[in-house]
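Asker: Below you'll find structure.txt; it's compact mmCIF, C-alpha atoms.
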# COMPACT_ATOMS: atom_id res chain seq x y z
CA LYS A 1 3.82 -4.40 -26.41
CA GLN A 2 0.57 -2.90 -25.16
CA GLU A 3 0.44 0.89 -24.99
CA VAL A 4 -2.35 2.88 -23.38
CA THR A 5 -2.94 6.52 -24.27
CA GLN A 6 -5.23 9.02 -22.59
CA ILE A 7 -6.12 12.27 -24.28
CA PRO A 8 -6.32 14.98 -23.17
CA ALA A 9 -3.70 14.97 -20.42
CA ALA A 10 -5.64 17.71 -18.62
CA LEU A 11 -9.19 18.98 -18.80
CA SER A 12 -10.90 21.91 -17.11
CA VAL A 13 -14.71 22.13 -17.23
CA PRO A 14 -17.48 24.05 -15.49
CA GLU A 15 -19.40 22.25 -12.80
CA GLY A 16 -22.60 20.63 -13.91
CA GLU A 17 -21.42 19.68 -17.38
CA ASN A 18 -21.43 16.17 -18.77
CA LEU A 19 -17.96 15.14 -19.86
CA VAL A 20 -16.12 12.35 -21.63
CA LEU A 21 -12.63 11.05 -20.96
CA ASN A 22 -10.90 9.00 -23.64
CA CYS A 23 -8.62 5.99 -23.51
CA SER A 24 -7.05 4.08 -26.39
CA PHE A 25 -4.94 0.94 -26.46
CA THR A 26 -2.81 -0.59 -29.20
CA ASP A 27 -3.43 -4.31 -28.69
CA SER A 28 -7.10 -5.24 -28.84
CA ALA A 29 -6.48 -8.68 -27.28
CA ILE A 30 -7.43 -7.58 -23.79
CA TYR A 31 -9.14 -9.38 -20.94
CA ASN A 32 -10.60 -6.34 -19.28
CA LEU A 33 -10.29 -2.61 -18.84
CA GLN A 34 -10.43 -0.66 -15.60
CA TRP A 35 -10.98 3.00 -14.87
CA PHE A 36 -9.39 4.39 -11.71
CA ARG A 37 -9.48 7.68 -9.90
CA GLN A 38 -6.45 9.13 -8.12
CA ASP A 39 -6.65 12.09 -5.77
CA PRO A 40 -3.49 14.13 -5.07
CA GLY A 41 -1.13 12.27 -2.74
CA LYS A 42 -3.44 9.27 -2.58
CA GLY A 43 -3.63 5.79 -4.00
CA LEU A 44 -5.90 4.63 -6.80
CA THR A 45 -9.59 3.91 -6.37
CA SER A 46 -11.21 1.53 -8.82
CA LEU A 47 -14.27 3.08 -10.48
CA LEU A 48 -15.40 0.58 -13.09
CA LEU A 49 -14.21 -2.75 -14.46
CA ILE A 50 -15.34 -3.82 -17.94
CA GLN A 51 -14.79 -7.39 -19.07
CA SER A 52 -13.75 -7.89 -22.69
CA SER A 53 -17.13 -9.44 -23.48
CA GLN A 54 -19.00 -6.38 -22.20
CA ARG A 55 -19.74 -3.14 -23.99
CA GLU A 56 -20.31 -0.90 -21.00
CA GLN A 57 -20.58 -0.60 -17.23
CA THR A 58 -22.44 1.93 -15.15
CA SER A 59 -22.04 3.11 -11.59
CA GLY A 60 -24.05 6.11 -10.46
CA ARG A 61 -23.08 9.10 -12.58
CA LEU A 62 -20.31 7.15 -14.29
CA ASN A 63 -20.62 5.14 -17.47
CA ALA A 64 -17.70 3.41 -19.15
CA SER A 65 -17.86 1.96 -22.65
CA LEU A 66 -15.51 -0.43 -24.39
CA ASP A 67 -14.93 -0.98 -28.11
CA LYS A 68 -12.29 -3.67 -28.36
CA SER A 69 -12.10 -3.72 -32.13
CA SER A 70 -11.16 -0.07 -32.31
CA GLY A 71 -9.06 -0.16 -29.14
CA ARG A 72 -11.05 2.54 -27.36
CA SER A 73 -12.82 3.20 -24.11
CA THR A 74 -14.62 6.25 -22.84
CA LEU A 75 -15.57 7.29 -19.32
CA TYR A 76 -18.69 9.45 -19.23
CA ILE A 77 -19.32 11.57 -16.15
CA ALA A 78 -22.80 13.04 -15.90
CA ALA A 79 -23.62 16.29 -14.11
CA SER A 80 -20.05 16.86 -12.94
CA GLN A 81 -19.45 18.06 -9.37
CA PRO A 82 -16.55 19.78 -7.56
CA GLY A 83 -15.63 16.47 -5.95
CA ASP A 84 -14.97 14.97 -9.36
CA SER A 85 -11.68 16.85 -9.60
CA ALA A 86 -8.97 14.17 -9.72
CA THR A 87 -6.75 12.28 -12.13
CA TYR A 88 -8.55 9.52 -14.01
CA LEU A 89 -6.49 6.54 -15.15
CA CYS A 90 -7.34 3.85 -17.62
CA ALA A 91 -5.69 0.41 -17.43
CA VAL A 92 -5.97 -2.76 -19.51
CA ILE A 93 -5.12 -6.37 -18.86
CA SER A 94 -3.72 -7.94 -21.98
CA SER A 95 -3.59 -11.58 -22.92
CA GLY A 96 -0.13 -12.97 -22.43
CA GLY A 97 -0.10 -16.57 -21.38
CA SER A 98 -0.33 -17.02 -17.66
CA ASN A 99 0.97 -13.56 -16.92
CA TYR A 100 -1.42 -10.97 -15.64
CA LYS A 101 -0.41 -7.40 -16.13
CA LEU A 102 -2.18 -4.09 -15.89
CA THR A 103 -0.88 -1.52 -18.36
CA PHE A 104 -1.79 2.03 -17.36
CA GLY A 105 -2.28 5.20 -19.31
CA LYS A 106 -0.75 8.36 -17.85
CA GLY A 107 -4.12 9.73 -16.89
CA THR A 108 -6.31 12.75 -17.48
CA LEU A 109 -6.21 15.47 -14.82
CA LEU A 110 -9.75 16.78 -14.42
CA THR A 111 -10.31 20.16 -12.80
CA MET A 112 -13.81 21.41 -12.09
CA ASN A 113 -14.41 25.14 -12.36
CA PRO A 114 -17.03 26.74 -10.10
CA ASP B 115 -11.51 -3.86 6.42
CA ALA B 116 -8.67 -1.33 6.66
CA GLY B 117 -7.73 -1.76 3.02
CA VAL B 118 -4.19 -2.20 1.79
CA ILE B 119 -1.72 -0.79 4.30
CA GLN B 120 1.68 0.56 3.32
CA SER B 121 4.52 1.88 5.45
CA PRO B 122 6.21 4.21 5.65
CA ARG B 123 4.09 6.81 3.88
CA HIS B 124 7.14 8.96 3.21
CA GLU B 125 10.82 8.04 3.11
CA VAL B 126 13.76 10.34 2.56
CA THR B 127 17.17 8.73 2.33
CA GLU B 128 20.61 9.32 0.95
CA MET B 129 22.04 7.68 -2.12
CA GLY B 130 23.59 4.32 -1.33
CA GLN B 131 21.34 3.54 1.62
CA GLU B 132 19.08 0.52 1.80
CA VAL B 133 15.35 1.19 1.62
CA THR B 134 12.61 -1.23 2.66
CA LEU B 135 8.98 -0.61 1.81
CA ARG B 136 6.25 -2.64 3.48
CA CYS B 137 2.78 -3.76 2.50
CA LYS B 138 -0.08 -5.56 4.18
CA PRO B 139 -2.71 -6.71 1.66
CA ILE B 140 -6.41 -6.97 2.31
CA SER B 141 -7.18 -10.07 4.34
CA GLY B 142 -8.27 -12.95 2.11
CA HIS B 143 -6.66 -11.56 -1.03
CA ASN B 144 -4.33 -14.02 -2.73
CA SER B 145 -2.55 -11.71 -5.14
CA LEU B 146 -0.25 -8.80 -4.39
CA PHE B 147 1.25 -6.27 -6.78
CA TRP B 148 4.02 -3.69 -6.46
CA TYR B 149 3.88 -0.61 -8.74
CA ARG B 150 6.03 2.48 -9.20
CA GLN B 151 4.65 5.84 -10.32
CA THR B 152 6.69 8.70 -11.78
CA MET B 153 5.75 11.73 -13.79
CA MET B 154 7.80 10.55 -16.74
CA ARG B 155 6.75 6.92 -16.94
CA GLY B 156 3.40 6.86 -15.17
CA LEU B 157 2.41 3.70 -13.30
CA GLU B 158 4.50 0.60 -13.93
CA LEU B 159 4.07 -2.90 -12.56
CA LEU B 160 7.27 -4.07 -10.87
CA ILE B 161 6.33 -7.54 -9.64
CA TYR B 162 3.32 -9.55 -8.55
CA PHE B 163 2.74 -12.54 -6.29
CA ASN B 164 0.11 -15.28 -6.32
CA ASN B 165 -0.31 -17.15 -3.04
CA ASN B 166 3.01 -15.69 -1.82
CA VAL B 167 4.90 -16.91 -4.91
CA PRO B 168 6.48 -14.37 -7.30
CA ILE B 169 4.91 -14.85 -10.73
CA ASP B 170 6.23 -12.03 -12.90
CA ASP B 171 9.17 -9.84 -11.93
CA SER B 172 9.93 -8.61 -15.42
CA GLY B 173 9.15 -5.06 -14.36
CA MET B 174 11.83 -4.95 -11.67
CA PRO B 175 14.27 -2.40 -13.08
CA GLU B 176 17.56 -3.73 -11.74
CA ASP B 177 19.12 -6.24 -9.42
CA ARG B 178 19.15 -3.53 -6.79
CA PHE B 179 15.43 -4.17 -6.43
CA SER B 180 14.09 -7.23 -4.64
CA ALA B 181 10.69 -8.22 -3.27
CA LYS B 182 9.56 -10.89 -0.86
CA MET B 183 6.29 -12.19 0.46
CA PRO B 184 7.03 -14.44 3.43
CA ASN B 185 3.36 -14.94 4.26
CA ALA B 186 -0.10 -14.02 3.03
CA SER B 187 -0.29 -10.84 5.08
CA PHE B 188 3.04 -9.18 4.44
CA SER B 189 5.34 -8.17 1.60
CA THR B 190 8.47 -6.05 1.29
CA LEU B 191 10.12 -4.22 -1.58
CA LYS B 192 13.80 -3.54 -0.98
CA ILE B 193 16.18 -1.27 -2.85
CA GLN B 194 19.85 -1.72 -2.11
CA PRO B 195 21.72 0.48 -2.80
CA SER B 196 19.26 3.28 -3.52
CA GLU B 197 19.89 5.91 -6.22
CA PRO B 198 18.29 9.33 -6.86
CA ARG B 199 16.50 7.95 -9.94
CA ASP B 200 14.61 5.57 -7.68
CA SER B 201 12.67 8.54 -6.31
CA ALA B 202 9.00 7.83 -6.99
CA VAL B 203 5.75 6.80 -5.35
CA TYR B 204 5.59 3.06 -4.77
CA PHE B 205 2.16 1.47 -4.58
CA CYS B 206 1.11 -1.91 -3.34
CA ALA B 207 -2.19 -3.44 -4.49
CA SER B 208 -4.02 -6.66 -3.79
CA SER B 209 -6.84 -8.66 -5.34
CA LEU B 210 -8.74 -11.83 -4.61
CA ALA B 211 -6.84 -13.58 -7.38
CA ALA B 212 -4.69 -12.53 -10.29
CA ASN B 213 -7.20 -13.06 -13.04
CA SER B 214 -9.17 -10.83 -15.33
CA TYR B 215 -12.29 -10.76 -13.16
CA ASN B 216 -10.99 -9.27 -9.97
CA GLU B 217 -10.41 -5.64 -9.23
CA GLN B 218 -7.17 -4.50 -7.72
CA PHE B 219 -7.30 -2.43 -4.54
CA PHE B 220 -4.47 0.02 -4.02
CA GLY B 221 -2.74 1.21 -0.89
CA PRO B 222 -1.98 4.91 -0.27
CA GLY B 223 1.59 4.56 -1.52
CA THR B 224 5.05 5.32 -0.17
CA ARG B 225 6.68 8.48 -1.47
CA LEU B 226 10.41 7.79 -1.72
CA THR B 227 12.98 10.54 -2.12
CA VAL B 228 16.60 9.56 -2.60
CA LEU B 229 19.00 12.50 -2.21
Once you've parsed the file, please lay out its structure as structure tokens.

Answerer:
Amino acid sequence: KQEVTQIPAALSVPEGENLVLNCSFTDSAIYNLQWFRQDPGKGLTSLLLIQSSQREQTSGRLNASLDKSSGRSTLYIAASQPGDSATYLCAVISSGGSNYKLTFGKGTLLTMNP
Amino acid sequence: DAGVIQSPRHEVTEMGQEVTLRCKPISGHNSLFWYRQTMMRGLELLIYFNNNVPIDDSGMPEDRFSAKMPNASFSTLKIQPSEPRDSAVYFCASSLAANSYNEQFFGPGTRLTVL
């Protein structure tokens, strides 16, 4: 059974810093990995999707890397801003026949300090 | 596009009552997913549909839960009878197709409180 872990559960950093969020998964047989952002009381917004054949994806100040063999992904946020405060969730799609299932981590709550 | 639409946004009901949550996926999307989010268990997939057909309902917790998709633009998740432990935020998501290449787009969720 696939398990996704995100450490730390919460992170507080000064604005302007570069930061890294971590995600690990137990079964390396994945199809892809997605990073989402969730604001309080809101739904999830997809940030980046990395296919299993890719090593990284970039969108603006965000860069996500994937190391399947070690079961790890990182989300790098450059020059953090107040608006980056949110919960960041990592999810993987594992191989499993014809079934298609996203397994989520519990997220990292990011708080930006002025 | 308005995105995935869910209703109601908030629902408060008493134990034993029937609850129906509604979802309208993004037009043109062929796959629809129902998730539940709690502090203890995080986000869990309950069921998903491809072209209106339920594909995997292994995440549905009990027979009290049922989901339907009568057409490509509408789905319901029903809980009957509801229990306090069903209190959670229920999300609906849709994608072009249920494969590894398509992103899922989430609705704003329905916050359910069962007293």

Asker: Using only C-alpha atoms, find which residues of chain B lie within 9 Å of chain A and jot them down as a VMD selection string.

Answerer: chain B and resid 153 to 159 162 169 to 170 205 212 to 223 225

Asker: Tell me, in Å to one decimal, how far atom CA of His143 of chain B is from atom CA of Ile193 of chain B.

Answerer: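 One can read the atom CA of His143 of chain B to atom CA of Ile193 of chain B distance as 25.1 Å.
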
Asker: Ser65 of chain A: which residues within 6 Å, counting only C-alpha atoms, same-chain residues fewer than 4 positions away excluded, as a list in words?

Answerer: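 Contacts, in chain order: Arg55, Glu56, Ser73 and Thr74 of chain A.
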
Asker: From the set A:Asn18, A:Ser53, A:Ser85, A:Thr111, which residue has the shortest atom-to-atom contact distance to Lys68 of chain A, counting only C-alpha atoms?

Answerer: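 Among the listed residues, the smallest separation from Lys68 of chain A belongs to A:Ser53.
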
Asker: Please provide as a PyMOL selection string all residues within 10 Å of Asn144 of chain B, with the sequence filter that same-chain residues fewer than 5 positions apart are discarded (counting all atoms listed in the file).

Answerer: chain B and resi 139+163-167+186-187+208-212

Asker: Which one of B:Met183, B:Val126, B:Ile140, B:Ile119 sits closest to Ala202 of chain B if you count only C-alpha atoms?

Answerer: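 Selected residue with least distance to Ala202 of chain B: B:Val126.
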
Asker: One number please: atom CA of Glu15 of chain A to atom CA of Pro82 of chain A, in Å, one decimal.

Answerer: 6.5 Å

Asker: Quick one: of B:Cys137, B:Cys206, B:Glu125, B:Gln120, who's nearest to Thr190 of chain B, counting only C-alpha atoms?

Answerer: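 Among B:Cys137, B:Cys206, B:Glu125, B:Gln120, it is B:Cys137 that comes nearest to Thr190 of chain B.
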
Asker: State, in Å with one decimal place, the distance from atom CA of Asp27 of chain A to atom CA of Gly71 of chain A.

Answerer: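 These atoms are spaced 7.0 Å apart.
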
Asker: Put a box with edges along x, y and z around all the listed atoms of segment 82-90 of chain A, pad it by 3 Å on each side, then give me its centre and sizes in Å, one decimal, as lines of an AutoDock Vina configuration file.

Answerer:
center_x = -11.5
center_y = 11.8
center_z = -11.8
size_x = 16.1
size_y = 21.9
size_z = 17.7

Asker: Can you pull out every residue within 6 Å of Leu110 of chain A, counting all atoms listed in the file, but drop anything in the same chain fewer than 2 positions away, and send it as a list in words?

Answerer: Ala10, Leu11, Ser12, Ser85, Ala86 and Thr87 of chain A

Asker: Can you list, as a list in words, every protein, DNA or RNA residue that comes within 6 Å of Leu160 of chain B when you count only C-alpha atoms, leaving out same-chain residues fewer than 4 positions away?

Answerer: Trp148, Tyr149, Gly173 and Met174 of chain B

Asker: Ranking A:Gln54, A:Ile7, A:Ser69, A:Leu62 by minimum distance to Asp84 of chain A and counting all atoms listed in the file, which one comes first?

Answerer: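 Ranked by minimum distance to Asp84 of chain A, first place goes to A:Leu62.
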